[in-house]
>>> print(open('my_file.csv').read())   # CSV, C-alpha atoms and all ligand atoms
chain,number,residue,atom,x,y,z
A,887,MET,CA,110.2,38.4,-11.3
A,888,LYS,CA,111.1,40.5,-8.3
A,889,ILE,CA,113.1,39.4,-5.4
A,890,ARG,CA,111.6,40.6,-2.1
A,891,GLY,CA,113.5,43.3,-0.3
A,892,SER,CA,115.4,44.4,-3.4
A,893,LYS,CA,113.3,47.5,-3.3
A,894,ILE,CA,115.0,49.1,-0.2
A,895,SER,CA,116.7,51.7,-2.3
A,896,GLY,CA,113.4,52.5,-3.8
A,897,GLY,CA,112.2,53.6,-0.4
A,898,ASN,CA,109.2,51.3,-0.2
A,899,TRP,CA,109.5,50.4,3.6
A,900,ARG,CA,106.2,48.6,3.6
A,901,THR,CA,107.7,45.7,1.7
A,902,LEU,CA,110.3,45.1,4.4
A,903,GLY,CA,107.8,43.8,7.0
A,904,LEU,CA,107.8,44.3,10.7
A,905,PRO,CA,110.5,41.7,11.8
A,906,SER,CA,113.1,43.2,9.4
A,907,ILE,CA,112.4,46.8,10.8
A,908,PHE,CA,112.7,45.4,14.3
A,909,LEU,CA,116.1,43.8,13.5
A,910,LEU,CA,117.3,47.0,11.8
A,911,CYS,CA,116.4,49.0,14.9
A,912,LEU,CA,118.1,46.5,17.1
A,913,PHE,CA,121.2,46.6,15.0
A,914,PHE,CA,121.5,50.4,15.2
A,915,PHE,CA,120.7,50.4,18.9
A,916,LEU,CA,123.5,47.9,19.6
A,917,ALA,CA,125.9,49.6,17.3
A,918,GLY,CA,125.3,52.9,19.0
A,919,PHE,CA,125.5,51.4,22.5
A,920,PHE,CA,128.9,49.6,22.0
A,921,GLY,CA,130.2,52.3,19.8
A,922,SER,CA,129.7,54.9,22.5
A,923,SER,CA,131.2,52.8,25.3
A,924,LEU,CA,134.3,52.2,23.1
A,925,PHE,CA,134.6,55.9,22.5
A,926,SER,CA,134.3,56.9,26.2
A,927,GLN,CA,137.0,54.3,27.2
A,928,GLN,CA,139.5,56.1,25.1
A,929,GLU,CA,139.1,59.2,27.1
A,930,ILE,CA,140.2,57.8,30.5
A,931,PRO,CA,143.6,59.4,31.4
A,932,ASN,CA,146.3,57.3,32.9
A,933,ASN,CA,144.0,54.2,32.9
A,934,LEU,CA,142.3,55.7,35.9
A,935,ILE,CA,138.5,55.6,36.2
A,936,PRO,CA,137.2,59.1,36.5
A,937,VAL,CA,136.1,59.9,40.0
A,938,LYS,CA,132.4,60.5,40.3
A,939,LYS,CA,131.2,63.3,42.5
A,940,ILE,CA,128.6,62.1,45.0
A,941,GLU,CA,126.1,64.5,46.5
A,942,PHE,CA,125.0,63.8,50.0
A,943,GLU,CA,123.4,65.3,53.0
A,944,ALA,CA,126.1,66.2,55.6
A,945,LEU,CA,125.6,65.2,59.2
A,946,PRO,CA,125.4,68.3,61.4
A,947,LEU,CA,128.6,67.5,63.2
A,948,GLU,CA,131.2,69.6,61.4
A,949,GLU,CA,130.8,73.1,60.2
A,950,SER,CA,131.9,72.3,56.7
A,951,VAL,CA,132.3,69.2,54.6
A,952,GLU,CA,135.6,68.6,52.8
A,953,GLU,CA,135.5,66.0,50.0
A,954,ILE,CA,138.7,64.1,49.5
A,955,PRO,CA,138.1,61.9,46.5
A,956,PHE,CA,140.1,58.7,46.1
A,957,GLN,CA,140.3,55.6,44.0
A,958,ILE,CA,141.5,52.2,45.1
A,959,LEU,CA,144.4,51.1,43.0
A,960,SER,CA,145.1,47.8,44.6
A,961,TRP,CA,144.2,45.7,47.6
A,962,ASN,CA,147.5,43.8,47.7
A,963,PRO,CA,149.3,46.1,48.5
A,964,ARG,CA,146.6,48.4,49.8
A,965,ALA,CA,147.1,51.4,47.6
A,966,LEU,CA,144.9,54.4,47.1
A,967,TYR,CA,145.0,57.3,44.6
A,968,PHE,CA,144.0,60.8,45.4
A,969,PRO,CA,143.5,63.0,42.3
A,970,ASN,CA,144.0,66.7,42.8
A,971,PHE,CA,145.1,66.3,46.4
A,972,ALA,CA,147.2,69.5,46.3
A,973,THR,CA,146.9,72.6,44.0
A,974,ALA,CA,149.5,73.6,41.4
A,975,GLU,CA,150.5,76.6,43.6
A,976,GLN,CA,151.1,74.3,46.7
A,977,CYS,CA,153.3,72.0,44.6
A,978,GLU,CA,155.3,74.9,43.2
A,979,GLY,CA,155.7,76.3,46.7
A,980,ILE,CA,157.1,73.0,48.0
A,981,ILE,CA,159.6,72.7,45.1
A,982,LYS,CA,160.7,76.2,45.7
A,983,MET,CA,161.4,75.7,49.4
A,984,ALA,CA,163.2,72.4,48.8
A,985,LYS,CA,165.4,73.5,45.9
A,986,ALA,CA,168.0,75.3,48.0
A,987,HIS,CA,168.6,72.4,50.3
A,988,LEU,CA,168.9,69.4,48.0
A,989,ARG,CA,171.5,66.8,48.8
A,990,PRO,CA,172.1,63.3,47.4
A,991,SER,CA,169.4,61.0,48.9
A,992,SER,CA,170.7,58.4,51.4
A,993,LEU,CA,169.6,55.0,52.5
A,994,ALA,CA,169.1,53.2,55.8
A,995,LEU,CA,171.8,50.6,55.7
A,996,ARG,CA,171.5,46.9,56.5
A,997,LYS,CA,174.3,45.0,58.3
A,998,GLY,CA,177.4,44.9,56.0
A,999,GLU,CA,176.2,47.7,53.7
A,1000,THR,CA,178.1,51.0,53.2
A,1001,ALA,CA,177.1,54.2,51.6
A,1002,GLU,CA,179.5,53.4,48.8
A,1003,SER,CA,178.2,49.9,48.2
A,1004,THR,CA,174.6,51.1,47.9
A,1005,LYS,CA,175.0,54.4,46.0
A,1006,GLU,CA,173.5,53.1,42.8
A,1007,ILE,CA,170.2,52.0,44.5
A,1008,ARG,CA,168.8,55.5,45.1
A,1009,THR,CA,170.1,58.2,42.8
A,1010,SER,CA,167.8,61.1,43.5
A,1011,SER,CA,168.5,64.3,45.5
A,1012,GLY,CA,166.3,65.3,48.4
A,1013,THR,CA,165.8,67.1,51.6
A,1014,PHE,CA,163.7,66.7,54.8
A,1015,ILE,CA,161.4,69.6,55.6
A,1016,SER,CA,159.1,69.7,58.6
A,1017,SER,CA,156.0,71.8,58.5
A,1018,SER,CA,157.2,73.9,61.4
A,1019,GLU,CA,160.1,75.1,59.3
A,1020,ASP,CA,157.7,76.1,56.5
A,1021,LYS,CA,156.6,79.7,57.1
A,1022,THR,CA,154.3,79.6,54.0
A,1023,GLY,CA,152.0,77.2,55.8
A,1024,ILE,CA,151.7,74.9,52.7
A,1025,LEU,CA,153.2,71.9,54.4
A,1026,ASP,CA,150.9,72.3,57.3
A,1027,GLN,CA,147.9,72.3,55.0
A,1028,ILE,CA,149.1,69.2,53.2
A,1029,GLU,CA,149.9,67.4,56.5
A,1030,GLU,CA,146.4,68.3,57.8
A,1031,LYS,CA,144.8,66.8,54.7
A,1032,ILE,CA,147.0,63.6,54.8
A,1033,ALA,CA,145.8,63.2,58.4
A,1034,LYS,CA,142.2,63.4,57.3
A,1035,ALA,CA,142.7,61.1,54.4
A,1036,THR,CA,144.5,58.4,56.5
A,1037,MET,CA,142.8,59.1,59.8
A,1038,ILE,CA,146.2,58.9,61.4
A,1039,PRO,CA,147.1,61.9,63.5
A,1040,LYS,CA,149.7,64.4,62.1
A,1041,ASN,CA,152.3,63.6,64.8
A,1042,TYR,CA,152.6,60.0,63.5
A,1043,GLY,CA,154.2,61.3,60.3
A,1044,GLU,CA,157.9,62.0,59.7
A,1045,ALA,CA,159.0,65.3,58.2
A,1046,PHE,CA,158.4,65.5,54.5
A,1047,ASN,CA,161.1,64.1,52.3
A,1048,VAL,CA,161.1,66.2,49.1
A,1049,LEU,CA,162.8,64.4,46.3
A,1050,ARG,CA,164.0,65.4,42.8
A,1051,TYR,CA,164.7,62.8,40.1
A,1052,GLU,CA,166.5,64.0,37.0
A,1053,ILE,CA,166.8,62.0,33.8
A,1054,GLY,CA,168.1,58.5,34.5
A,1055,GLN,CA,167.6,58.8,38.2
A,1056,ARG,CA,165.6,56.1,40.0
A,1057,TYR,CA,165.0,54.2,43.2
A,1058,ASP,CA,165.4,50.4,43.0
A,1059,SER,CA,162.5,48.4,44.5
A,1060,HIS,CA,162.6,48.4,48.3
A,1061,TYR,CA,160.4,48.4,51.4
A,1062,ASP,CA,159.7,51.6,53.4
A,1063,ALA,CA,159.1,49.4,56.6
A,1064,PHE,CA,162.2,48.1,58.4
A,1065,ASN,CA,162.4,44.4,58.8
A,1066,PRO,CA,164.0,43.9,62.3
A,1067,ALA,CA,165.8,40.8,60.9
A,1068,GLU,CA,167.7,43.0,58.5
A,1069,TYR,CA,167.8,46.3,60.3
A,1070,GLY,CA,167.8,45.3,64.0
A,1071,PRO,CA,165.1,46.1,66.5
A,1072,GLN,CA,163.0,49.2,65.8
A,1073,LYS,CA,161.5,51.7,68.1
A,1074,SER,CA,158.6,52.3,65.8
A,1075,GLN,CA,157.6,51.0,62.4
A,1076,ARG,CA,156.5,52.7,59.2
A,1077,VAL,CA,152.9,51.8,58.6
A,1078,ALA,CA,152.1,53.7,55.4
A,1079,SER,CA,153.6,56.1,52.9
A,1080,PHE,CA,152.0,59.1,51.2
A,1081,LEU,CA,153.5,60.3,48.0
A,1082,LEU,CA,152.5,63.7,46.7
A,1083,TYR,CA,153.6,64.2,43.1
A,1084,LEU,CA,154.8,67.8,42.7
A,1085,SER,CA,155.4,67.7,38.9
A,1086,ASP,CA,154.2,66.0,35.8
A,1087,VAL,CA,156.9,63.8,34.2
A,1088,GLU,CA,156.9,63.6,30.5
A,1089,GLU,CA,158.2,60.0,30.3
A,1090,GLY,CA,159.2,57.5,33.0
A,1091,GLY,CA,159.4,58.2,36.7
A,1092,GLU,CA,156.5,55.9,37.5
A,1093,THR,CA,156.0,54.6,41.0
A,1094,MET,CA,156.1,50.8,40.5
A,1095,PHE,CA,154.8,47.9,42.7
A,1096,PRO,CA,156.4,44.8,41.0
A,1097,TYR,CA,154.8,42.3,43.4
A,1098,GLU,CA,151.3,43.6,43.1
A,1099,ASN,CA,148.8,40.7,43.7
A,1100,GLY,CA,151.7,38.3,44.2
A,1101,GLU,CA,153.1,38.7,40.7
A,1102,ASN,CA,156.9,38.3,40.0
A,1103,MET,CA,157.6,37.1,43.6
A,1104,ASP,CA,159.9,34.3,42.6
A,1105,SER,CA,163.5,34.9,43.6
A,1106,SER,CA,164.6,35.9,40.1
A,1107,TYR,CA,163.2,39.4,40.2
A,1108,ASP,CA,165.8,42.0,39.4
A,1109,PHE,CA,165.1,45.0,41.8
A,1110,ARG,CA,166.0,47.5,39.1
A,1111,LYS,CA,163.3,46.2,36.7
A,1112,CYS,CA,160.4,48.5,36.2
A,1113,ILE,CA,157.4,46.1,36.1
A,1114,GLY,CA,154.1,45.5,37.9
A,1115,LEU,CA,151.6,48.1,38.8
A,1116,LYS,CA,152.9,51.5,37.6
A,1117,VAL,CA,151.6,54.9,38.7
A,1118,LYS,CA,152.4,57.8,36.4
A,1119,PRO,CA,153.2,60.9,38.4
A,1120,ARG,CA,150.8,63.8,37.9
A,1121,ARG,CA,151.2,67.1,39.6
A,1122,GLY,CA,149.1,67.5,42.6
A,1123,ASP,CA,147.9,63.9,42.8
A,1124,GLY,CA,148.6,61.7,45.9
A,1125,LEU,CA,149.4,58.0,46.3
A,1126,LEU,CA,148.9,56.3,49.6
A,1127,PHE,CA,150.0,52.7,50.3
A,1128,TYR,CA,150.3,50.6,53.4
A,1129,SER,CA,153.5,48.7,54.1
A,1130,LEU,CA,152.1,46.6,56.9
A,1131,PHE,CA,149.2,44.1,57.1
A,1132,PRO,CA,146.5,45.0,59.6
A,1133,ASN,CA,148.2,42.6,62.0
A,1134,GLY,CA,151.4,44.7,61.9
A,1135,THR,CA,153.7,42.4,59.9
A,1136,ILE,CA,155.3,43.6,56.7
A,1137,ASN,CA,153.3,43.1,53.5
A,1138,PRO,CA,155.7,41.7,50.9
A,1139,THR,CA,153.7,43.2,48.1
A,1140,SER,CA,154.4,46.7,49.4
A,1141,LEU,CA,157.8,46.5,47.6
A,1142,HIS,CA,158.0,49.5,45.4
A,1143,GLY,CA,160.4,51.7,43.5
A,1144,SER,CA,160.8,54.7,41.2
A,1145,CYS,CA,161.3,53.9,37.5
A,1146,PRO,CA,164.1,56.0,35.9
A,1147,VAL,CA,163.0,59.4,34.5
A,1148,ILE,CA,163.3,59.2,30.7
A,1149,LYS,CA,162.1,62.7,29.8
A,1150,GLY,CA,161.5,65.7,32.1
A,1151,GLU,CA,162.0,65.9,35.9
A,1152,LYS,CA,160.2,64.2,38.8
A,1153,TRP,CA,159.5,66.0,42.0
A,1154,VAL,CA,157.7,64.2,44.9
A,1155,ALA,CA,157.1,64.9,48.5
A,1156,THR,CA,157.0,61.7,50.6
A,1157,LYS,CA,155.5,61.4,54.1
A,1158,TRP,CA,156.2,58.2,56.0
A,1159,ILE,CA,153.6,57.5,58.6
A,1160,ARG,CA,154.6,55.5,61.7
A,1161,ASP,CA,152.8,53.3,64.2
A,1162,GLN,CA,153.7,55.5,67.1
A,1163,GLY,CA,153.3,59.3,67.6
A,1164,LEU,CA,156.4,61.4,67.7
A,1165,ASP,CA,156.6,63.6,70.8
A,1166,GLU,CA,157.0,66.8,68.8
A,1167,ASP,CA,153.7,67.7,67.1
A,1168,TYR,CA,155.0,69.5,64.0
B,1,LIG,C1,149.6,38.6,59.3
B,1,LIG,O1,148.6,38.7,58.2
B,1,LIG,C2,149.1,38.2,57.0
B,1,LIG,C3,148.0,38.6,55.9
B,1,LIG,O2,146.8,38.2,56.3
B,1,LIG,C4,149.3,36.7,57.1
B,1,LIG,O3,149.7,36.2,55.9
B,1,LIG,C5,150.3,36.5,58.2
B,1,LIG,O4,150.5,35.1,58.4
B,1,LIG,C6,149.9,37.1,59.5
B,1,LIG,N1,151.0,37.0,60.5
B,1,LIG,C7,150.8,36.9,61.8
B,1,LIG,C8,152.1,36.7,62.6
B,1,LIG,O5,149.7,36.8,62.3
>>> encode(input="my_file.csv", output="structure tokens")
Amino acid sequence: MKIRGSKISGGNWRTLGLPSIFLLCLFFFLAGFFGSSLFSQQEIPNNLIPVKKIEFEALPLEESVEEIPFQILSWNPRALYFPNFATAEQCEGIIKMAKAHLRPSSLALRKGETAESTKEIRTSSGTFISSSEDKTGILDQIEEKIAKATMIPKNYGEAFNVLRYEIGQRYDSHYDAFNPAEYGPQKSQRVASFLLYLSDVEEGGETMFPYENGENMDSSYDFRKCIGLKVKPRRGDGLLFYSLFPNGTINPTSLHGSCPVIKGEKWVATKWIRDQGLDEDY
């Protein structure tokens, strides 16, 4: 007596019948489909979705079309990521011009604070460089591109603050915007910040947003703790986030910091963008 289907190894497919063959095909199709999607997910670097290039017909308004690809990282705070915003040569050039002028980074002080009482909050070294001081023209090119990406004119930006974080150095979570209740009345306010990562960091040194999407906002958050949305620095990539809501008030979820560098060295050029133009167009 023969059991049906036991002849598969014998190669007699006719005994299988049509429904079995259909099921087998379905099985291999699904296995292939899910298998390949699993495989491709492993290739995404830094948990970022690869940016797709979109072909389009340019309007005849400008002589050339420049693509500035970006990815939305978060809506709360509003944060965008710009892969390959600057070239490796531009990054190297900025580091070179900043290196000779590094000093310990300082903080804007609230009432009652002193440089001594706050010195552990921000332990990097840095320097301010305006594009007019840069004879190589690199900072001018970067500034131009930031203006295009944000659609905020160049003269709304402060000079670049180029920072170096060595192993163990960090910046506790803070706001870039100045709350008048803490800092007194302000002539103008910081609307947004653009961070250009000038180096890869082997380990640590992420930019963190601990309150992303309203997480961790209870009063127990320790401002040194490295939690929430973390962005790993990658040379040439840019990070833009807005400190203010569209109505001009400070967005509490724009709180951010720099996790301590564990391995390697972190270099970043920061541009703070204001709500009013500065007279000097640098
Ligand atoms: C500004 O906008 C935020 C977010 O929509 C809202 O929570 C806040 O109440 C607004 N503040 C004012 C003064 O309109």
>>> residues_near_ligand(input="my_file.csv", ligand="ligand LIG 1 (chain B)", cutoff="12 Å", atoms="only C-alpha atoms and all ligand atoms", output="PyMOL selection string")
chain A and resi 961-964+1129-1139
>>> closest_residue(input="my_file.csv", among="A:Ala965, A:Ile980, A:Val1048, A:Leu993", to="A:Asp1026", atoms="only C-alpha atoms")
A:Ile980
>>> closest_residue(input="my_file.csv", among="A:Gly1163, A:Gly1091, A:Pro1146, A:Gly1124", to="A:Gln957", atoms="all atoms listed in the file")
A:Gly1124
>>> closest_residue(input="my_file.csv", among="A:Glu953, A:Asp1108, A:Glu1029, A:Asp1020", to="A:Thr1156", atoms="only C-alpha atoms")
A:Glu1029
>>> atom_distance(input="my_file.csv", atom1="atom CA of A:Lys1157", atom2="atom CA of A:Tyr1128")
12.0 Å
>>> closest_residue(input="my_file.csv", among="A:Arg989, A:Arg1160, A:Lys1005, A:Arg1110", to="A:Ile1038", atoms="only C-alpha atoms")
A:Arg1160
